[in-house]
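**Student:** Coordinates in coords.cif, mmCIF, C-alpha atoms and all ligand atoms, are listed below.
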data_start
loop_
_atom_site.group_PDB
_atom_site.id
_atom_site.type_symbol
_atom_site.label_atom_id
_atom_site.label_comp_id
_atom_site.auth_asym_id
_atom_site.auth_seq_id
_atom_site.Cartn_x
_atom_site.Cartn_y
_atom_site.Cartn_z
ATOM 1 C CA MET A 1 -28.684 69.449 -75.662
ATOM 2 C CA GLU A 2 -25.924 67.164 -76.993
ATOM 3 C CA LYS A 3 -24.945 64.778 -74.196
ATOM 4 C CA GLN A 4 -21.499 63.242 -73.751
ATOM 5 C CA ILE A 5 -21.352 59.991 -71.807
ATOM 6 C CA LEU A 6 -17.866 60.042 -70.253
ATOM 7 C CA ASP A 7 -16.724 56.470 -70.936
ATOM 8 C CA GLY A 8 -14.306 55.439 -68.184
ATOM 9 C CA ARG A 9 -13.455 52.153 -69.845
ATOM 10 C CA LEU A 10 -12.277 54.036 -72.952
ATOM 11 C CA VAL A 11 -10.149 56.403 -70.864
ATOM 12 C CA ALA A 12 -8.767 53.529 -68.772
ATOM 13 C CA ASP A 13 -7.809 51.617 -71.921
ATOM 14 C CA SER A 14 -5.975 54.667 -73.263
ATOM 15 C CA VAL A 15 -3.990 54.920 -70.024
ATOM 16 C CA LYS A 16 -3.199 51.193 -69.957
ATOM 17 C CA ASN A 17 -2.174 51.184 -73.618
ATOM 18 C CA SER A 18 0.268 54.004 -72.865
ATOM 19 C CA LEU A 19 1.865 51.821 -70.167
ATOM 20 C CA LYS A 20 2.497 48.679 -72.249
ATOM 21 C CA GLU A 21 5.777 49.791 -73.824
ATOM 22 C CA ARG A 22 6.984 51.316 -70.562
ATOM 23 C CA VAL A 23 6.436 48.008 -68.750
ATOM 24 C CA GLU A 24 8.193 46.081 -71.532
ATOM 25 C CA ASN A 25 11.188 48.433 -71.359
ATOM 26 C CA LEU A 26 11.423 48.042 -67.584
ATOM 27 C CA ILE A 27 11.271 44.254 -67.833
ATOM 28 C CA LYS A 28 14.089 44.340 -70.416
ATOM 29 C CA LYS A 29 16.111 46.196 -67.776
ATOM 30 C CA GLY A 30 15.334 43.554 -65.182
ATOM 31 C CA ILE A 31 12.598 45.432 -63.340
ATOM 32 C CA THR A 32 9.038 44.098 -63.258
ATOM 33 C CA PRO A 33 6.791 46.828 -61.840
ATOM 34 C CA CYS A 34 5.246 45.379 -58.697
ATOM 35 C CA LEU A 35 2.193 46.516 -56.749
ATOM 36 C CA ALA A 36 1.609 45.127 -53.260
ATOM 37 C CA THR A 37 -1.951 45.396 -51.965
ATOM 38 C CA ILE A 38 -2.862 44.878 -48.324
ATOM 39 C CA LEU A 39 -6.427 43.878 -47.479
ATOM 40 C CA VAL A 40 -7.311 43.786 -43.789
ATOM 41 C CA GLY A 41 -10.529 41.937 -42.945
ATOM 42 C CA ASP A 42 -13.153 40.288 -45.098
ATOM 43 C CA ASP A 43 -15.204 43.063 -46.689
ATOM 44 C CA PRO A 44 -16.438 41.485 -49.947
ATOM 45 C CA SER A 45 -16.309 44.727 -51.956
ATOM 46 C CA SER A 46 -12.748 45.439 -50.804
ATOM 47 C CA GLU A 47 -11.808 41.886 -51.776
ATOM 48 C CA THR A 48 -13.300 42.503 -55.233
ATOM 49 C CA TYR A 49 -11.347 45.721 -55.635
ATOM 50 C CA VAL A 50 -7.952 44.309 -54.651
ATOM 51 C CA ASN A 51 -8.567 41.366 -56.979
ATOM 52 C CA MET A 52 -9.415 43.800 -59.794
ATOM 53 C CA LYS A 53 -6.172 45.672 -59.108
ATOM 54 C CA GLY A 54 -4.140 42.468 -59.092
ATOM 55 C CA LYS A 55 -5.668 41.198 -62.328
ATOM 56 C CA ALA A 56 -5.137 44.573 -64.007
ATOM 57 C CA CYS A 57 -1.449 44.484 -63.017
ATOM 58 C CA GLU A 58 -0.937 40.963 -64.331
ATOM 59 C CA LYS A 59 -2.755 41.737 -67.599
ATOM 60 C CA LEU A 60 -0.128 44.410 -68.267
ATOM 61 C CA GLY A 61 2.777 42.091 -67.397
ATOM 62 C CA MET A 62 3.272 43.722 -64.000
ATOM 63 C CA LYS A 63 3.603 41.815 -60.738
ATOM 64 C CA SER A 64 0.935 41.850 -58.049
ATOM 65 C CA ILE A 65 1.462 40.784 -54.448
ATOM 66 C CA LYS A 66 -1.793 40.412 -52.517
ATOM 67 C CA ILE A 67 -1.495 40.361 -48.729
ATOM 68 C CA HIS A 68 -4.653 39.468 -46.802
ATOM 69 C CA LEU A 69 -4.583 40.104 -43.044
ATOM 70 C CA SER A 70 -7.284 39.023 -40.573
ATOM 71 C CA LYS A 71 -9.884 41.459 -39.340
ATOM 72 C CA GLU A 72 -8.301 41.161 -35.859
ATOM 73 C CA THR A 73 -4.984 42.600 -37.058
ATOM 74 C CA SER A 74 -3.560 45.344 -34.816
ATOM 75 C CA THR A 75 -2.115 48.631 -36.019
ATOM 76 C CA GLU A 76 1.370 47.492 -34.948
ATOM 77 C CA GLU A 77 1.079 44.230 -36.905
ATOM 78 C CA LEU A 78 -0.038 46.166 -39.961
ATOM 79 C CA LEU A 79 2.848 48.625 -39.589
ATOM 80 C CA GLU A 80 5.274 45.679 -39.520
ATOM 81 C CA THR A 81 3.799 44.387 -42.787
ATOM 82 C CA ILE A 82 4.080 47.817 -44.398
ATOM 83 C CA GLN A 83 7.691 48.211 -43.222
ATOM 84 C CA LYS A 84 8.670 44.895 -44.794
ATOM 85 C CA LEU A 85 7.190 46.086 -48.094
ATOM 86 C CA ASN A 86 8.950 49.450 -47.731
ATOM 87 C CA GLU A 87 12.249 47.576 -47.439
ATOM 88 C CA ASP A 88 11.559 45.191 -50.328
ATOM 89 C CA ASP A 89 13.292 46.640 -53.405
ATOM 90 C CA THR A 90 11.224 44.424 -55.706
ATOM 91 C CA VAL A 91 8.039 46.203 -54.542
ATOM 92 C CA HIS A 92 7.423 49.581 -56.238
ATOM 93 C CA GLY A 93 3.906 50.408 -55.055
ATOM 94 C CA ILE A 94 2.082 49.748 -51.777
ATOM 95 C CA LEU A 95 -1.683 50.083 -51.392
ATOM 96 C CA LEU A 96 -3.579 49.626 -48.159
ATOM 97 C CA GLN A 97 -7.189 48.970 -49.125
ATOM 98 C CA HIS A 98 -9.611 51.359 -47.474
ATOM 99 C CA PRO A 99 -11.520 50.929 -45.195
ATOM 100 C CA VAL A 100 -9.598 49.009 -42.530
ATOM 101 C CA PRO A 101 -11.221 47.518 -39.388
ATOM 102 C CA SER A 102 -12.034 50.091 -36.708
ATOM 103 C CA GLN A 103 -9.278 49.067 -34.277
ATOM 104 C CA ILE A 104 -6.630 50.125 -36.778
ATOM 105 C CA ASP A 105 -5.252 53.683 -36.984
ATOM 106 C CA GLU A 106 -5.662 54.027 -40.755
ATOM 107 C CA ARG A 107 -3.965 57.417 -40.933
ATOM 108 C CA LYS A 108 -0.919 56.063 -39.078
ATOM 109 C CA ALA A 109 -0.826 53.093 -41.432
ATOM 110 C CA PHE A 110 -1.167 55.252 -44.556
ATOM 111 C CA ASP A 111 1.654 57.507 -43.325
ATOM 112 C CA ALA A 112 3.900 54.484 -42.699
ATOM 113 C CA ILE A 113 4.021 53.828 -46.448
ATOM 114 C CA ASP A 114 7.288 55.008 -47.997
ATOM 115 C CA ILE A 115 6.253 58.090 -50.012
ATOM 116 C CA ARG A 116 8.210 56.753 -52.996
ATOM 117 C CA LYS A 117 5.891 53.702 -52.969
ATOM 118 C CA ASP A 118 2.696 55.633 -52.145
ATOM 119 C CA VAL A 119 1.184 55.023 -55.585
ATOM 120 C CA ASP A 120 -2.291 55.315 -54.071
ATOM 121 C CA GLY A 121 -1.552 58.900 -52.992
ATOM 122 C CA VAL A 122 -2.804 58.498 -49.439
ATOM 123 C CA THR A 123 0.088 59.568 -47.218
ATOM 124 C CA SER A 124 -0.374 62.956 -45.547
ATOM 125 C CA PHE A 125 2.810 64.312 -47.016
ATOM 126 C CA GLY A 126 2.161 62.699 -50.392
ATOM 127 C CA TYR A 127 -1.459 63.584 -51.053
ATOM 128 C CA GLY A 128 -1.237 66.874 -49.224
ATOM 129 C CA GLN A 129 1.845 68.001 -51.093
ATOM 130 C CA THR A 130 0.559 66.708 -54.410
ATOM 131 C CA ALA A 131 -2.818 68.338 -53.931
ATOM 132 C CA LEU A 132 -0.955 71.575 -53.273
ATOM 133 C CA GLY A 133 0.821 71.104 -56.568
ATOM 134 C CA PHE A 134 3.994 69.177 -55.805
ATOM 135 C CA GLY A 135 5.094 65.902 -54.253
ATOM 136 C CA LYS A 136 4.641 62.349 -55.432
ATOM 137 C CA PHE A 137 1.336 60.844 -56.587
ATOM 138 C CA PRO A 138 -2.191 62.261 -56.357
ATOM 139 C CA SER A 139 -4.789 59.934 -54.869
ATOM 140 C CA CYS A 140 -6.001 57.612 -57.622
ATOM 141 C CA THR A 141 -9.669 58.568 -57.859
ATOM 142 C CA PRO A 142 -8.914 62.321 -57.926
ATOM 143 C CA ALA A 143 -6.284 61.592 -60.577
ATOM 144 C CA ALA A 144 -8.902 59.572 -62.486
ATOM 145 C CA ILE A 145 -11.381 62.452 -62.405
ATOM 146 C CA MET A 146 -8.757 64.865 -63.734
ATOM 147 C CA LYS A 147 -7.779 62.351 -66.416
ATOM 148 C CA ILE A 148 -11.393 62.047 -67.616
ATOM 149 C CA LEU A 149 -11.750 65.833 -67.799
ATOM 150 C CA ASP A 150 -8.479 66.008 -69.732
ATOM 151 C CA TYR A 151 -9.336 63.130 -72.090
ATOM 152 C CA TYR A 152 -12.644 64.745 -73.064
ATOM 153 C CA GLU A 153 -11.058 68.231 -73.138
ATOM 154 C CA ILE A 154 -13.552 69.602 -70.655
ATOM 155 C CA PRO A 155 -12.557 73.159 -69.653
ATOM 156 C CA ILE A 156 -11.729 73.670 -65.963
ATOM 157 C CA GLU A 157 -10.161 77.151 -65.716
ATOM 158 C CA GLY A 158 -12.669 79.713 -64.497
ATOM 159 C CA LYS A 159 -15.395 77.130 -64.033
ATOM 160 C CA HIS A 160 -17.282 76.693 -60.761
ATOM 161 C CA ALA A 161 -16.560 73.174 -59.527
ATOM 162 C CA VAL A 162 -18.624 71.823 -56.652
ATOM 163 C CA VAL A 163 -17.252 68.756 -54.864
ATOM 164 C CA ILE A 164 -19.645 66.918 -52.578
ATOM 165 C CA GLY A 165 -17.515 65.151 -49.982
ATOM 166 C CA ARG A 166 -14.282 65.990 -48.176
ATOM 167 C CA SER A 167 -12.680 62.603 -47.470
ATOM 168 C CA PRO A 168 -8.863 62.591 -47.208
ATOM 169 C CA ILE A 169 -8.331 60.350 -50.245
ATOM 170 C CA LEU A 170 -11.110 61.733 -52.442
ATOM 171 C CA GLY A 171 -13.058 64.915 -51.732
ATOM 172 C CA LYS A 172 -10.204 66.995 -50.356
ATOM 173 C CA PRO A 173 -7.525 66.052 -52.922
ATOM 174 C CA VAL A 174 -9.848 66.370 -55.929
ATOM 175 C CA SER A 175 -10.894 69.822 -54.673
ATOM 176 C CA ALA A 176 -7.221 70.808 -54.502
ATOM 177 C CA LEU A 177 -6.426 69.385 -57.935
ATOM 178 C CA LEU A 178 -9.344 71.311 -59.475
ATOM 179 C CA LEU A 179 -8.148 74.460 -57.696
ATOM 180 C CA ASN A 180 -4.672 73.843 -59.114
ATOM 181 C CA GLU A 181 -6.289 73.943 -62.556
ATOM 182 C CA ASN A 182 -7.839 77.347 -61.713
ATOM 183 C CA ALA A 183 -11.404 76.240 -61.117
ATOM 184 C CA THR A 184 -13.383 78.092 -58.493
ATOM 185 C CA VAL A 185 -13.998 75.250 -56.056
ATOM 186 C CA THR A 186 -16.693 74.796 -53.462
ATOM 187 C CA THR A 187 -16.261 71.720 -51.259
ATOM 188 C CA CYS A 188 -19.496 70.604 -49.638
ATOM 189 C CA HIS A 189 -19.824 68.177 -46.738
ATOM 190 C CA SER A 190 -22.215 66.806 -44.119
ATOM 191 C CA ARG A 191 -22.409 70.196 -42.354
ATOM 192 C CA THR A 192 -23.267 72.123 -45.543
ATOM 193 C CA THR A 193 -26.746 73.532 -44.914
ATOM 194 C CA ASN A 194 -27.725 74.614 -48.463
ATOM 195 C CA LEU A 195 -26.316 71.774 -50.544
ATOM 196 C CA ALA A 196 -28.890 71.809 -53.365
ATOM 197 C CA GLU A 197 -28.519 75.576 -53.832
ATOM 198 C CA ILE A 198 -24.748 75.279 -54.095
ATOM 199 C CA VAL A 199 -24.785 72.312 -56.485
ATOM 200 C CA LYS A 200 -27.216 74.230 -58.740
ATOM 201 C CA LEU A 201 -24.453 76.815 -59.293
ATOM 202 C CA ALA A 202 -21.924 74.246 -60.497
ATOM 203 C CA ASP A 203 -20.447 73.978 -63.980
ATOM 204 C CA ILE A 204 -18.654 70.820 -62.808
ATOM 205 C CA VAL A 205 -20.157 68.530 -60.154
ATOM 206 C CA VAL A 206 -17.985 65.884 -58.455
ATOM 207 C CA ALA A 207 -19.981 63.446 -56.334
ATOM 208 C CA ALA A 208 -17.773 61.884 -53.659
ATOM 209 C CA VAL A 209 -20.227 61.461 -50.834
ATOM 210 C CA GLY A 210 -20.708 57.705 -50.511
ATOM 211 C CA LYS A 211 -24.514 57.799 -50.614
ATOM 212 C CA PRO A 212 -26.352 55.979 -53.445
ATOM 213 C CA ASN A 213 -28.372 58.151 -55.861
ATOM 214 C CA PHE A 214 -27.819 61.138 -53.586
ATOM 215 C CA ILE A 215 -27.327 63.880 -56.184
ATOM 216 C CA GLN A 216 -30.736 64.820 -57.577
ATOM 217 C CA GLY A 217 -31.565 65.734 -61.159
ATOM 218 C CA ASP A 218 -33.037 69.138 -60.327
ATOM 219 C CA TRP A 219 -29.764 70.111 -58.626
ATOM 220 C CA ILE A 220 -27.961 70.025 -61.983
ATOM 221 C CA LYS A 221 -27.615 73.328 -63.835
ATOM 222 C CA PRO A 222 -28.362 72.906 -67.558
ATOM 223 C CA GLY A 223 -25.091 72.056 -69.312
ATOM 224 C CA ALA A 224 -23.187 71.056 -66.168
ATOM 225 C CA VAL A 225 -20.611 68.240 -66.251
ATOM 226 C CA VAL A 226 -21.229 65.499 -63.691
ATOM 227 C CA LEU A 227 -18.519 63.136 -62.402
ATOM 228 C CA ASP A 228 -19.705 60.350 -60.133
ATOM 229 C CA ALA A 229 -16.958 58.895 -57.914
ATOM 230 C CA GLY A 230 -19.463 56.748 -56.022
ATOM 231 C CA TYR A 231 -18.954 53.007 -55.566
ATOM 232 C CA ASN A 232 -21.863 52.009 -53.409
ATOM 233 C CA LYS A 233 -22.981 48.399 -53.001
ATOM 234 C CA GLY A 234 -24.459 46.967 -56.168
ATOM 235 C CA ASN A 235 -22.316 49.267 -58.324
ATOM 236 C CA ILE A 236 -24.596 52.202 -57.649
ATOM 237 C CA GLY A 237 -23.146 55.691 -57.883
ATOM 238 C CA ASP A 238 -23.668 58.775 -55.738
ATOM 239 C CA VAL A 239 -25.616 60.370 -58.583
ATOM 240 C CA ASP A 240 -29.208 59.658 -59.645
ATOM 241 C CA TYR A 241 -27.920 59.007 -63.138
ATOM 242 C CA GLU A 242 -31.111 59.027 -65.249
ATOM 243 C CA ALA A 243 -32.382 62.162 -63.481
ATOM 244 C CA CYS A 244 -29.046 64.002 -63.714
ATOM 245 C CA LEU A 245 -28.578 62.988 -67.350
ATOM 246 C CA VAL A 246 -31.469 65.285 -68.319
ATOM 247 C CA ASN A 247 -29.707 68.599 -67.565
ATOM 248 C CA SER A 248 -26.062 67.547 -67.792
ATOM 249 C CA SER A 249 -23.948 68.088 -70.904
ATOM 250 C CA ALA A 250 -21.551 65.275 -69.876
ATOM 251 C CA ILE A 251 -21.783 62.599 -67.212
ATOM 252 C CA THR A 252 -19.894 59.506 -66.022
ATOM 253 C CA PRO A 253 -21.896 56.308 -65.573
ATOM 254 C CA VAL A 254 -21.503 53.813 -62.745
ATOM 255 C CA PRO A 255 -20.283 51.219 -63.561
ATOM 256 C CA GLY A 256 -18.020 52.182 -66.414
ATOM 257 C CA GLY A 257 -17.026 55.668 -65.356
ATOM 258 C CA VAL A 258 -14.549 56.858 -62.738
ATOM 259 C CA GLY A 259 -13.897 53.377 -61.296
ATOM 260 C CA PRO A 260 -11.960 51.812 -64.182
ATOM 261 C CA VAL A 261 -9.881 54.985 -64.564
ATOM 262 C CA THR A 262 -9.029 54.845 -60.843
ATOM 263 C CA ILE A 263 -7.484 51.417 -61.413
ATOM 264 C CA SER A 264 -5.609 52.578 -64.504
ATOM 265 C CA MET A 265 -4.124 55.538 -62.597
ATOM 266 C CA LEU A 266 -2.931 53.146 -59.889
ATOM 267 C CA LEU A 267 -1.145 51.121 -62.570
ATOM 268 C CA LYS A 268 0.379 54.278 -64.038
ATOM 269 C CA HIS A 269 1.642 55.448 -60.635
ATOM 270 C CA THR A 270 3.196 52.002 -60.060
ATOM 271 C CA VAL A 271 5.032 52.152 -63.402
ATOM 272 C CA ASP A 272 6.104 55.726 -62.573
ATOM 273 C CA ALA A 273 7.489 54.470 -59.242
ATOM 274 C CA ALA A 274 9.290 51.549 -60.904
ATOM 275 C CA GLU A 275 10.965 53.936 -63.366
ATOM 276 C CA GLU A 276 11.929 56.219 -60.478
ATOM 277 C CA SER A 277 13.509 53.248 -58.697
ATOM 278 C CA LEU A 278 15.593 52.553 -61.812
ATOM 279 C CA LYS A 279 16.914 56.126 -61.805
ATOM 280 C CA ALA A 280 17.673 55.921 -58.087
ATOM 281 C CA ASN A 281 19.822 52.802 -58.436
HETATM 282 N N1 LIG B 301 -6.624 52.500 -50.702
HETATM 283 C C1 LIG B 301 -7.739 52.735 -51.428
HETATM 284 N N2 LIG B 301 -8.900 52.236 -51.032
HETATM 285 C C2 LIG B 301 -10.017 52.492 -51.769
HETATM 286 C C3 LIG B 301 -9.962 53.240 -52.946
HETATM 287 C C4 LIG B 301 -8.709 53.765 -53.335
HETATM 288 O O1 LIG B 301 -8.577 54.485 -54.352
HETATM 289 N N3 LIG B 301 -7.629 53.495 -52.539
HETATM 290 N N4 LIG B 301 -11.087 53.446 -53.728
HETATM 291 C C5 LIG B 301 -12.364 52.867 -53.378
HETATM 292 C C6 LIG B 301 -12.851 51.716 -54.253
HETATM 293 N N5 LIG B 301 -12.113 51.330 -55.382
HETATM 294 C C7 LIG B 301 -10.809 50.953 -55.216
HETATM 295 O O2 LIG B 301 -10.420 50.369 -54.239
HETATM 296 C C8 LIG B 301 -12.731 51.052 -56.605
HETATM 297 C C9 LIG B 301 -14.109 50.941 -56.699
HETATM 298 C C10 LIG B 301 -14.714 50.607 -57.911
HETATM 299 C C11 LIG B 301 -13.946 50.389 -59.043
HETATM 300 C C12 LIG B 301 -14.551 50.007 -60.335
HETATM 301 O O3 LIG B 301 -13.891 50.006 -61.361
HETATM 302 N N6 LIG B 301 -15.833 49.627 -60.328
HETATM 303 C C13 LIG B 301 -16.449 49.158 -61.540
HETATM 304 C C14 LIG B 301 -17.591 48.244 -61.204
HETATM 305 C C15 LIG B 301 -17.113 47.104 -60.327
HETATM 306 C C16 LIG B 301 -17.023 45.816 -61.112
HETATM 307 O O4 LIG B 301 -16.684 45.872 -62.307
HETATM 308 O O5 LIG B 301 -17.294 44.810 -60.497
HETATM 309 C C17 LIG B 301 -16.961 50.361 -62.353
HETATM 310 O O6 LIG B 301 -17.239 51.426 -61.725
HETATM 311 O O7 LIG B 301 -17.053 50.197 -63.583
HETATM 312 C C18 LIG B 301 -12.572 50.518 -58.969
HETATM 313 C C19 LIG B 301 -11.963 50.831 -57.744
HETATM 314 C C20 LIG B 301 -12.409 52.331 -51.973
HETATM 315 N N7 LIG B 301 -11.202 51.999 -51.365
#
Could you write out this file's structure as structure tokens?

**Tutor:**
Amino acid sequence: MEKQILDGRLVADSVKNSLKERVENLIKKGITPCLATILVGDDPSSETYVNMKGKACEKLGMKSIKIHLSKETSTEELLETIQKLNEDDTVHGILLQHPVPSQIDERKAFDAIDIRKDVDGVTSFGYGQTALGFGKFPSCTPAAIMKILDYYEIPIEGKHAVVIGRSPILGKPVSALLLNENATVTTCHSRTTNLAEIVKLADIVVAAVGKPNFIQGDWIKPGAVVLDAGYNKGNIGDVDYEACLVNSSAITPVPGGVGPVTISMLLKHTVDAAEESLKAN
């Protein structure tokens, strides 16, 4: 069977290249698209990711503001920081890096982000509405998964898509986005009792479970498409890649798959928001 390695770096580059002229045009009009990231605490992986996001912004000529709060930060202190960014007209996108320390009400903090600046697609109204087909921005990793399927012209309508994971910024929104494209979607989770049986029925498998090498090769139906949204320590995905490669017709690697496209979709949403701000003024 011909195998397609779904190259996330290629897809991410295509997205970023499509943004270059848009950024230049905005700058000519006096608007530099600006993404503000908030990191709370000292998780090394989270620090890596916000740095990647900042560097990606700057490489495109966009502005990046990186706010780093201590791990002792309270929910109220975080809400004050978010409100200041909401009110700052030079900031077009706000991202609160997940996860936050346990004392913080992450949902309350996500929902404090002005929906017009929710380029990460995490606010209840934002992601929920978008996942149902309208609203502002889809969550970035779900948007990345849909972008990869689109870039490689992988059919979705009528296909059985199985999503493993139901997190609010990944499993649930990607399930909804696939449903919006007329897939038949099964969303599995920690209480699913017959996971392997269900995955074996999938034409499209989306791994969003947060467990390294969790999806086994013999769970993959011959010809299935596998998208690994995992970002476990050591850049290990949720999919046992070599084992799942055997039966799959197309598969994303980790690193070099969904991750880079996630970043590129964040940049796109920030440029979208900057252009919206121009129309609003
Ligand atoms: N508020 C958010 N928090 C988090 C999100 C998110 O979308 N919004 N996603 C994940 C992690 N993540 C972004 O933060 C992320 C993880 C990995 C990558 C990536 O490109 N990884 C590379 C390998 C890493 C490297 O090059 O060192 C790859 O897969 O090729 C991008 C984004 C958690 N939190």

**Student:** So which residues get picked by the PyMOL selection byres (((chain A and resi 6) around 8) and not hetatm) here, written as number ranges by chain?

**Tutor:** A: 4-5, 7-8, 148, 152, 250-253, 257

**Student:** Keeping only C-alpha atoms, write those residues as a PDB file, in the frame of the given file.

**Tutor:**
ATOM      1  CA  GLN A   4     -21.499  63.242 -73.751  1.00  0.00           C
ATOM      2  CA  ILE A   5     -21.352  59.991 -71.807  1.00  0.00           C
ATOM      3  CA  ASP A   7     -16.724  56.470 -70.936  1.00  0.00           C
ATOM      4  CA  GLY A   8     -14.306  55.439 -68.184  1.00  0.00           C
ATOM      5  CA  ILE A 148     -11.393  62.047 -67.616  1.00  0.00           C
ATOM      6  CA  TYR A 152     -12.644  64.745 -73.064  1.00  0.00           C
ATOM      7  CA  ALA A 250     -21.551  65.275 -69.876  1.00  0.00           C
ATOM      8  CA  ILE A 251     -21.783  62.599 -67.212  1.00  0.00           C
ATOM      9  CA  THR A 252     -19.894  59.506 -66.022  1.00  0.00           C
ATOM     10  CA  PRO A 253     -21.896  56.308 -65.573  1.00  0.00           C
ATOM     11  CA  GLY A 257     -17.026  55.668 -65.356  1.00  0.00           C
TER      12      GLY A 257
END

**Student:** Considering all atoms listed in the file, return as an NGL selection string whatever protein or nucleic-acid residues lie within 10 Å of stretch 39-51 of chain A, sequence-local ones (same chain, fewer than 2 positions apart) excluded.

**Tutor:** :A and (36-37 or 53-57 or 64 or 66-74 or 78 or 95-101 or 104 or 231-235 or 259 or 263)

**Student:** Using all atoms listed in the file, which of the listed residues (A:Ile156, A:Ile204, A:Leu278, A:Gln216) sits closest to A:Ser249?

**Tutor:**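 Closest to A:Ser249 of all the choices is A:Ile204.
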
**Student:** Residues picked by the PyMOL selection byres (((chain A and resi 81-86) around 9) and not hetatm) here, as a PyMOL selection string?

**Tutor:** chain A and resi 36+38+67+76-80+87-94+96+109+112-114+117

**Student:** Would you pick out the contacts of A:Lys16 at 10 Å or less, using only C-alpha atoms, so that residues sharing its chain but fewer than 4 positions from it are not included, and give the list as a PDB file with C-alpha atoms, in the coordinates of the input?

**Tutor:**
ATOM      1  CA  LEU A  10     -12.277  54.036 -72.952  1.00  0.00           C
ATOM      2  CA  VAL A  11     -10.149  56.403 -70.864  1.00  0.00           C
ATOM      3  CA  ALA A  12      -8.767  53.529 -68.772  1.00  0.00           C
ATOM      4  CA  LYS A  20       2.497  48.679 -72.249  1.00  0.00           C
ATOM      5  CA  GLU A  21       5.777  49.791 -73.824  1.00  0.00           C
ATOM      6  CA  ALA A  56      -5.137  44.573 -64.007  1.00  0.00           C
ATOM      7  CA  CYS A  57      -1.449  44.484 -63.017  1.00  0.00           C
ATOM      8  CA  LYS A  59      -2.755  41.737 -67.599  1.00  0.00           C
ATOM      9  CA  LEU A  60      -0.128  44.410 -68.267  1.00  0.00           C
ATOM     10  CA  VAL A 261      -9.881  54.985 -64.564  1.00  0.00           C
ATOM     11  CA  ILE A 263      -7.484  51.417 -61.413  1.00  0.00           C
ATOM     12  CA  SER A 264      -5.609  52.578 -64.504  1.00  0.00           C
ATOM     13  CA  MET A 265      -4.124  55.538 -62.597  1.00  0.00           C
ATOM     14  CA  LEU A 267      -1.145  51.121 -62.570  1.00  0.00           C
ATOM     15  CA  LYS A 268       0.379  54.278 -64.038  1.00  0.00           C
TER      16      LYS A 268
END

**Student:** Separation of atom CA of A:Gly158 and atom CA of A:Ala183, in Å?

**Tutor:**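 Between atom CA of A:Gly158 and atom CA of A:Ala183 the gap is 5.0 Å.
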
**Student:** Please list as a list in words every residue within 10 Å of A:Tyr241, counting all atoms listed in the file and excluding residues in the same chain fewer than 4 positions away.

**Tutor:**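 Within the cut-off, the hits are Asn213, Phe214, Ile215, Gln216, Gly217, Val226, Asp228, Ile236, Gly237, Leu245, Val246, Ser248, Ile251, Thr252, Pro253 and Val254 of chain A.
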
**Student:** Report as lines of an AutoDock Vina configuration file the centre and the edge lengths, in Å to one decimal, of the axis-aligned box holding every listed atom of stretch 91-106 of chain A, padded by 8 Å on each side.

**Tutor:**
center_x = -2.0
center_y = 50.1
center_z = -45.3
size_x = 36.1
size_y = 23.8
size_z = 38.0

**Student:** For stretch 205-207 of chain A, list every protein, DNA or RNA residue within 9 Å, evaluated using all atoms listed in the file, and leave out those in the same chain fewer than 3 positions away; present the list as a PyMOL selection string.

**Tutor:** chain A and resi 145+160-165+171+174-175+199+202+210+214-215+220+224-230+237-239

**Student:** Keeping C-alpha atoms for every residue in the selection just given, could you write it to a file as a PDB file, keeping the file's coordinate frame?

**Tutor:**
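Done, and the output landed in again_25.pdb:
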ATOM      1  CA  ILE A 145     -11.381  62.452 -62.405  1.00  0.00           C
ATOM      2  CA  HIS A 160     -17.282  76.693 -60.761  1.00  0.00           C
ATOM      3  CA  ALA A 161     -16.560  73.174 -59.527  1.00  0.00           C
ATOM      4  CA  VAL A 162     -18.624  71.823 -56.652  1.00  0.00           C
ATOM      5  CA  VAL A 163     -17.252  68.756 -54.864  1.00  0.00           C
ATOM      6  CA  ILE A 164     -19.645  66.918 -52.578  1.00  0.00           C
ATOM      7  CA  GLY A 165     -17.515  65.151 -49.982  1.00  0.00           C
ATOM      8  CA  GLY A 171     -13.058  64.915 -51.732  1.00  0.00           C
ATOM      9  CA  VAL A 174      -9.848  66.370 -55.929  1.00  0.00           C
ATOM     10  CA  SER A 175     -10.894  69.822 -54.673  1.00  0.00           C
ATOM     11  CA  VAL A 199     -24.785  72.312 -56.485  1.00  0.00           C
ATOM     12  CA  ALA A 202     -21.924  74.246 -60.497  1.00  0.00           C
ATOM     13  CA  GLY A 210     -20.708  57.705 -50.511  1.00  0.00           C
ATOM     14  CA  PHE A 214     -27.819  61.138 -53.586  1.00  0.00           C
ATOM     15  CA  ILE A 215     -27.327  63.880 -56.184  1.00  0.00           C
ATOM     16  CA  ILE A 220     -27.961  70.025 -61.983  1.00  0.00           C
ATOM     17  CA  ALA A 224     -23.187  71.056 -66.168  1.00  0.00           C
ATOM     18  CA  VAL A 225     -20.611  68.240 -66.251  1.00  0.00           C
ATOM     19  CA  VAL A 226     -21.229  65.499 -63.691  1.00  0.00           C
ATOM     20  CA  LEU A 227     -18.519  63.136 -62.402  1.00  0.00           C
ATOM     21  CA  ASP A 228     -19.705  60.350 -60.133  1.00  0.00           C
ATOM     22  CA  ALA A 229     -16.958  58.895 -57.914  1.00  0.00           C
ATOM     23  CA  GLY A 230     -19.463  56.748 -56.022  1.00  0.00           C
ATOM     24  CA  GLY A 237     -23.146  55.691 -57.883  1.00  0.00           C
ATOM     25  CA  ASP A 238     -23.668  58.775 -55.738  1.00  0.00           C
ATOM     26  CA  VAL A 239     -25.616  60.370 -58.583  1.00  0.00           C
TER      27      VAL A 239
END

**Student:** Using only C-alpha atoms and all ligand atoms, which residue out of A:Pro173, A:Pro155, A:Pro212, A:Gly121 lies closest to ligand LIG 301 (chain B)?

**Tutor:** A:Gly121
